[in-house]
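> Got a structure for you, questions after.
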Amino acid sequence: MTSPLHRLYSFRRCPYAMRARLGILFAELSVALREITLKNKPEQMLAISPKGTVPVLQLADGTIIEESVEIMMWALEQNDPHGLLTHAPEEAAALIAQNDKEFKHWLDRYKYADRHPEMSQSDYRERGEIFIQKLEALLADNNYLLGADISAADIGVMPFVRQFAHVDREVFYGLPYPNVQRWLTAWLEHPLFIVAMKKYQPWQAGDELVIFGEKNVK
């Protein structure tokens, strides 16, 4: 008898959901993917997570994990063949926390500057650049944020830097951050990121099972 799969509710373009999907891919796990649309969230997701944000992971035993960092860490704690959790775990946690608590604040205002007329879009971008400058320094002598190898910090932060860059790609790639630009470009071409960004039709009850994870990579 086949063991039931964990269920991941996700939205392709959400950076938090990207982080969770990357964690699952690097952990070489498989889950049942339920892609959603934000304008039509399935009742099954809202029943287990009334806050209505993605990602949400429902484990086979019924346990619900609602935060992207927790999903990423849960996955890597099950299996970490690439050693992401072994590289400076305290520094990785601190960098992800700064991303989520500080950088995301300015990223949202930069992306949706028309909703926040208190400052100009360029002002918001410059506030966000403070974090980008920190990453630039970290990448000065290494291919990844915390050294020569990929760490949890890289997959935890990269989706948000991608979103920041894509607000205005011409502006971003004209900024004096060659190390971050190189790092981001490499990530956008990474085989697992390409798998993470595959498009799926929004899930509806009764749909055929969509397996995401290890089987997608082989």
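Chain lettering (A, B, ...) mirrors the order of the structure tokens, residue numbering begins at 1 for each chain separately, and ligand numbering begins at 1 in order of display.
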Compile a residue-level contact table for region 122-158 of chain A against region 181-199 of chain A at a cut-off of 8 Å, reporting for every qualifying residue the shortest atom pair and its distance in Å to one decimal, with only C-alpha atoms counted, rows ordered by chain and ascending number, as JSON lines.

```
{"residue": "A:Leu139", "atom": "CA", "partner": "A:Trp183", "partner_atom": "CA", "distance": 7.8}
{"residue": "A:Asn143", "atom": "CA", "partner": "A:Trp183", "partner_atom": "CA", "distance": 6.7}
{"residue": "A:Tyr144", "atom": "CA", "partner": "A:Trp183", "partner_atom": "CA", "distance": 7.1}
{"residue": "A:Met158", "atom": "CA", "partner": "A:Leu184", "partner_atom": "CA", "distance": 7.0}
```
> Restricting the calculation to only C-alpha atoms: of A:Arg19, A:Phe11, A:Leu138, A:Glu126, which residue gets closest to Val171 (chain A)?
A:Glu126
> Excluding His166 (chain A) and its own-chain neighbours fewer than 2 positions away, which residues fall within 12 Å of it when counting only C-alpha atoms? Please give them as a ChimeraX atom specification.
/A:13,107,110-111,125,159-164,168-173,181,184-185,188
> Show which residues sit within 10 Å of Pro81 (chain A), as an MDAnalysis selection string. Count only C-alpha atoms, and ignore same-chain residues fewer than 6 positions away.
chainID A and resid 26:28
> Output all heavy atoms for every residue in that selection, as a PDB file, in the first residue's frame.

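Output (again-v5.pdb):
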```
ATOM      1  N   PHE A  26      15.577  20.566  -2.764  1.00  0.00           N
ATOM      2  CA  PHE A  26      16.925  20.283  -2.266  1.00  0.00           C
ATOM      3  C   PHE A  26      16.916  19.110  -1.283  1.00  0.00           C
ATOM      4  O   PHE A  26      17.923  18.422  -1.136  1.00  0.00           O
ATOM      5  CB  PHE A  26      17.543  21.532  -1.631  1.00  0.00           C
ATOM      6  CG  PHE A  26      18.258  22.407  -2.618  1.00  0.00           C
ATOM      7  CD1 PHE A  26      17.610  23.470  -3.237  1.00  0.00           C
ATOM      8  CD2 PHE A  26      19.579  22.166  -2.965  1.00  0.00           C
ATOM      9  CE1 PHE A  26      18.257  24.276  -4.159  1.00  0.00           C
ATOM     10  CE2 PHE A  26      20.232  22.954  -3.897  1.00  0.00           C
ATOM     11  CZ  PHE A  26      19.574  24.015  -4.501  1.00  0.00           C
ATOM     12  N   ALA A  27      15.783  18.879  -0.618  1.00  0.00           N
ATOM     13  CA  ALA A  27      15.664  17.748   0.301  1.00  0.00           C
ATOM     14  C   ALA A  27      15.352  16.451  -0.432  1.00  0.00           C
ATOM     15  O   ALA A  27      15.351  15.381   0.182  1.00  0.00           O
ATOM     16  CB  ALA A  27      14.572  18.029   1.332  1.00  0.00           C
ATOM     17  N   GLU A  28      15.085  16.567  -1.731  1.00  0.00           N
ATOM     18  CA  GLU A  28      14.766  15.400  -2.560  1.00  0.00           C
ATOM     19  C   GLU A  28      13.555  14.650  -2.018  1.00  0.00           C
ATOM     20  O   GLU A  28      13.511  13.411  -1.974  1.00  0.00           O
ATOM     21  CB  GLU A  28      15.980  14.480  -2.705  1.00  0.00           C
ATOM     22  CG  GLU A  28      17.156  15.169  -3.396  1.00  0.00           C
ATOM     23  CD  GLU A  28      18.375  14.284  -3.574  1.00  0.00           C
ATOM     24  OE1 GLU A  28      18.325  13.098  -3.174  1.00  0.00           O
ATOM     25  OE2 GLU A  28      19.393  14.775  -4.106  1.00  0.00           O
TER      26      GLU A  28
END
```
> Hey, what's within 9 Å of Met45 (chain A) if we count only C-alpha atoms and toss same-chain stuff fewer than 4 positions away? As a compact mmCIF listing (two decimals) with C-alpha atoms, in the first residue's frame, please?

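File written: selection01.txt
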```txt
# COMPACT_ATOMS: atom_id res chain seq x y z
CA TYR A 9 -0.58 24.45 -1.28
CA LYS A 41 -8.45 30.03 -2.78
CA SER A 49 -5.17 27.44 7.34
CA PRO A 50 -7.74 30.23 7.72
CA GLY A 52 -5.29 32.16 3.57
CA VAL A 56 0.78 25.69 3.51
```
> Determine which residues of region 19-57 of chain A DSSP labels as strand (DSSP E or B) from the backbone of this structure, then write them out as a ChimeraX atom specification.
/A:30-35,56-57
> Mind dumping the selected residues with all heavy atoms as an mmCIF file, in the first residue's frame?

```
data_model
loop_
_atom_site.group_PDB
_atom_site.id
_atom_site.type_symbol
_atom_site.label_atom_id
_atom_site.label_comp_id
_atom_site.auth_asym_id
_atom_site.auth_seq_id
_atom_site.Cartn_x
_atom_site.Cartn_y
_atom_site.Cartn_z
ATOM 1 N N SER A 30 9.112 14.342 -2.082
ATOM 2 C CA SER A 30 7.984 14.471 -2.997
ATOM 3 C C SER A 30 6.745 14.842 -2.202
ATOM 4 O O SER A 30 6.525 14.324 -1.098
ATOM 5 C CB SER A 30 7.726 13.160 -3.746
ATOM 6 O OG SER A 30 8.809 12.851 -4.602
ATOM 7 N N VAL A 31 5.939 15.732 -2.757
ATOM 8 C CA VAL A 31 4.677 16.134 -2.135
ATOM 9 C C VAL A 31 3.605 16.179 -3.212
ATOM 10 O O VAL A 31 3.897 16.249 -4.408
ATOM 11 C CB VAL A 31 4.781 17.519 -1.446
ATOM 12 C CG1 VAL A 31 5.823 17.511 -0.332
ATOM 13 C CG2 VAL A 31 5.096 18.616 -2.471
ATOM 14 N N ALA A 32 2.363 16.154 -2.771
ATOM 15 C CA ALA A 32 1.250 16.390 -3.675
ATOM 16 C C ALA A 32 1.055 17.894 -3.770
ATOM 17 O O ALA A 32 0.765 18.559 -2.771
ATOM 18 C CB ALA A 32 -0.013 15.720 -3.145
ATOM 19 N N LEU A 33 1.268 18.438 -4.953
ATOM 20 C CA LEU A 33 1.191 19.886 -5.152
ATOM 21 C C LEU A 33 -0.236 20.304 -5.466
ATOM 22 O O LEU A 33 -0.893 19.715 -6.337
ATOM 23 C CB LEU A 33 2.113 20.309 -6.296
ATOM 24 C CG LEU A 33 2.115 21.810 -6.613
ATOM 25 C CD1 LEU A 33 2.764 22.594 -5.482
ATOM 26 C CD2 LEU A 33 2.823 22.084 -7.932
ATOM 27 N N ARG A 34 -0.683 21.343 -4.759
ATOM 28 C CA ARG A 34 -1.967 21.955 -5.063
ATOM 29 C C ARG A 34 -1.715 23.431 -5.344
ATOM 30 O O ARG A 34 -1.626 24.252 -4.434
ATOM 31 C CB ARG A 34 -2.949 21.766 -3.907
ATOM 32 C CG ARG A 34 -3.348 20.309 -3.712
ATOM 33 C CD ARG A 34 -4.397 20.101 -2.641
ATOM 34 N NE ARG A 34 -4.899 18.727 -2.652
ATOM 35 C CZ ARG A 34 -5.878 18.266 -1.870
ATOM 36 N NH1 ARG A 34 -6.456 19.090 -0.990
ATOM 37 N NH2 ARG A 34 -6.275 17.012 -1.961
ATOM 38 N N GLU A 35 -1.550 23.735 -6.615
ATOM 39 C CA GLU A 35 -1.334 25.118 -7.046
ATOM 40 C C GLU A 35 -2.648 25.882 -6.898
ATOM 41 O O GLU A 35 -3.719 25.377 -7.259
ATOM 42 C CB GLU A 35 -0.864 25.136 -8.499
ATOM 43 C CG GLU A 35 -0.619 26.515 -9.070
ATOM 44 C CD GLU A 35 0.668 27.167 -8.576
ATOM 45 O OE1 GLU A 35 1.460 26.473 -7.893
ATOM 46 O OE2 GLU A 35 0.875 28.348 -8.887
ATOM 47 N N VAL A 56 1.298 26.481 2.392
ATOM 48 C CA VAL A 56 0.775 25.693 3.507
ATOM 49 C C VAL A 56 1.109 24.240 3.207
ATOM 50 O O VAL A 56 0.818 23.753 2.110
ATOM 51 C CB VAL A 56 -0.749 25.845 3.666
ATOM 52 C CG1 VAL A 56 -1.248 24.961 4.814
ATOM 53 C CG2 VAL A 56 -1.127 27.293 3.921
ATOM 54 N N LEU A 57 1.706 23.573 4.161
ATOM 55 C CA LEU A 57 2.040 22.154 4.010
ATOM 56 C C LEU A 57 1.222 21.348 5.004
ATOM 57 O O LEU A 57 1.279 21.593 6.209
ATOM 58 C CB LEU A 57 3.530 21.918 4.250
ATOM 59 C CG LEU A 57 4.018 20.469 4.098
ATOM 60 C CD1 LEU A 57 3.874 19.992 2.656
ATOM 61 C CD2 LEU A 57 5.469 20.331 4.559
#
```
> From a backbone DSSP assignment, name each residue in chain A labelled helix (DSSP H, G or I), as a PyMOL selection string.
chain A and resi 15-26+43-48+68-78+84-86+89-111+113-115+121-138+152-167+169-172+178-188+191-196+214-217
> List the neighbours of Trp106 (chain A) out to 12 Å using only C-alpha atoms; skip same-chain residues closer than 5 positions along the sequence, and give me the result as an MDAnalysis selection string.
chainID A and resid 98:101 111:113 116 119:132 160:161 163:164
> Name all residues at most 8 Å from Glu136 (chain A) (count only C-alpha atoms; drop same-chain ones fewer than 2 positions away) and give them as an mmCIF file with all heavy atoms, in the first residue's frame.

```cif
data_model
loop_
_atom_site.group_PDB
_atom_site.id
_atom_site.type_symbol
_atom_site.label_atom_id
_atom_site.label_comp_id
_atom_site.auth_asym_id
_atom_site.auth_seq_id
_atom_site.Cartn_x
_atom_site.Cartn_y
_atom_site.Cartn_z
ATOM 1 N N ILE A 132 20.657 44.678 -0.039
ATOM 2 C CA ILE A 132 21.387 44.219 -1.225
ATOM 3 C C ILE A 132 22.887 44.481 -1.046
ATOM 4 O O ILE A 132 23.728 43.660 -1.431
ATOM 5 C CB ILE A 132 20.870 44.919 -2.491
ATOM 6 C CG1 ILE A 132 19.380 44.602 -2.710
ATOM 7 C CG2 ILE A 132 21.686 44.503 -3.711
ATOM 8 C CD1 ILE A 132 19.061 43.151 -2.947
ATOM 9 N N GLN A 133 23.223 45.609 -0.450
ATOM 10 C CA GLN A 133 24.634 45.943 -0.209
ATOM 11 C C GLN A 133 25.279 44.937 0.742
ATOM 12 O O GLN A 133 26.450 44.565 0.580
ATOM 13 C CB GLN A 133 24.736 47.360 0.348
ATOM 14 C CG GLN A 133 24.399 48.436 -0.685
ATOM 15 C CD GLN A 133 24.083 49.776 -0.063
ATOM 16 O OE1 GLN A 133 24.229 49.980 1.144
ATOM 17 N NE2 GLN A 133 23.630 50.714 -0.879
ATOM 18 N N LYS A 134 24.513 44.484 1.720
ATOM 19 C CA LYS A 134 25.034 43.467 2.640
ATOM 20 C C LYS A 134 25.307 42.169 1.880
ATOM 21 O O LYS A 134 26.362 41.537 2.068
ATOM 22 C CB LYS A 134 24.042 43.214 3.772
ATOM 23 C CG LYS A 134 24.508 42.158 4.763
ATOM 24 C CD LYS A 134 23.586 42.088 5.959
ATOM 25 C CE LYS A 134 24.127 41.097 6.993
ATOM 26 N NZ LYS A 134 23.311 41.102 8.235
ATOM 27 N N LEU A 138 28.854 39.991 1.173
ATOM 28 C CA LEU A 138 28.973 38.562 1.477
ATOM 29 C C LEU A 138 29.429 37.758 0.261
ATOM 30 O O LEU A 138 30.103 36.737 0.395
ATOM 31 C CB LEU A 138 27.628 38.025 1.977
ATOM 32 C CG LEU A 138 27.182 38.474 3.369
ATOM 33 C CD1 LEU A 138 25.756 38.026 3.636
ATOM 34 C CD2 LEU A 138 28.120 37.931 4.447
ATOM 35 N N LEU A 139 29.056 38.235 -0.920
ATOM 36 C CA LEU A 139 29.367 37.516 -2.151
ATOM 37 C C LEU A 139 30.682 37.959 -2.794
ATOM 38 O O LEU A 139 31.033 37.482 -3.874
ATOM 39 C CB LEU A 139 28.218 37.701 -3.153
ATOM 40 C CG LEU A 139 26.903 37.010 -2.775
ATOM 41 C CD1 LEU A 139 25.746 37.571 -3.597
ATOM 42 C CD2 LEU A 139 27.013 35.500 -2.957
ATOM 43 N N ALA A 140 31.402 38.834 -2.132
ATOM 44 C CA ALA A 140 32.633 39.384 -2.713
ATOM 45 C C ALA A 140 33.667 38.307 -3.006
ATOM 46 O O ALA A 140 34.373 38.370 -4.018
ATOM 47 C CB ALA A 140 33.222 40.446 -1.785
ATOM 48 N N TYR A 177 26.012 46.405 -8.189
ATOM 49 C CA TYR A 177 26.053 45.202 -7.360
ATOM 50 C C TYR A 177 26.357 43.985 -8.228
ATOM 51 O O TYR A 177 25.539 43.076 -8.370
ATOM 52 C CB TYR A 177 24.721 45.026 -6.617
ATOM 53 C CG TYR A 177 24.300 46.250 -5.848
ATOM 54 C CD1 TYR A 177 23.092 46.883 -6.120
ATOM 55 C CD2 TYR A 177 25.129 46.805 -4.873
ATOM 56 C CE1 TYR A 177 22.704 48.021 -5.429
ATOM 57 C CE2 TYR A 177 24.757 47.943 -4.181
ATOM 58 C CZ TYR A 177 23.543 48.549 -4.471
ATOM 59 O OH TYR A 177 23.170 49.678 -3.780
ATOM 60 N N PRO A 178 27.559 43.927 -8.821
ATOM 61 C CA PRO A 178 27.870 42.828 -9.745
ATOM 62 C C PRO A 178 27.855 41.460 -9.089
ATOM 63 O O PRO A 178 27.512 40.469 -9.746
ATOM 64 C CB PRO A 178 29.269 43.186 -10.257
ATOM 65 C CG PRO A 178 29.854 44.088 -9.205
ATOM 66 C CD PRO A 178 28.688 44.865 -8.681
ATOM 67 N N ASN A 179 28.210 41.386 -7.807
ATOM 68 C CA ASN A 179 28.224 40.085 -7.146
ATOM 69 C C ASN A 179 26.813 39.545 -6.960
ATOM 70 O O ASN A 179 26.553 38.359 -7.208
ATOM 71 C CB ASN A 179 28.919 40.185 -5.784
ATOM 72 C CG ASN A 179 30.365 40.620 -5.906
ATOM 73 O OD1 ASN A 179 31.043 40.282 -6.871
ATOM 74 N ND2 ASN A 179 30.843 41.389 -4.943
ATOM 75 N N VAL A 180 25.899 40.391 -6.542
ATOM 76 C CA VAL A 180 24.505 39.976 -6.371
ATOM 77 C C VAL A 180 23.886 39.640 -7.724
ATOM 78 O O VAL A 180 23.142 38.660 -7.864
ATOM 79 C CB VAL A 180 23.683 41.070 -5.653
ATOM 80 C CG1 VAL A 180 22.201 40.721 -5.653
ATOM 81 C CG2 VAL A 180 24.177 41.255 -4.227
#
```
> Nearest to Met72 (chain A): which of A:Ser151, A:Asn142, A:Gln204, A:Thr37 is it, counting only C-alpha atoms?
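For Met72 (chain A), the nearest of the given residues is A:Ser151.
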> Work out how far CA of Ile211 (chain A) is from CA of Ile65 (chain A), in Å to one decimal.
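Interatomic distance here is 18.6 Å.
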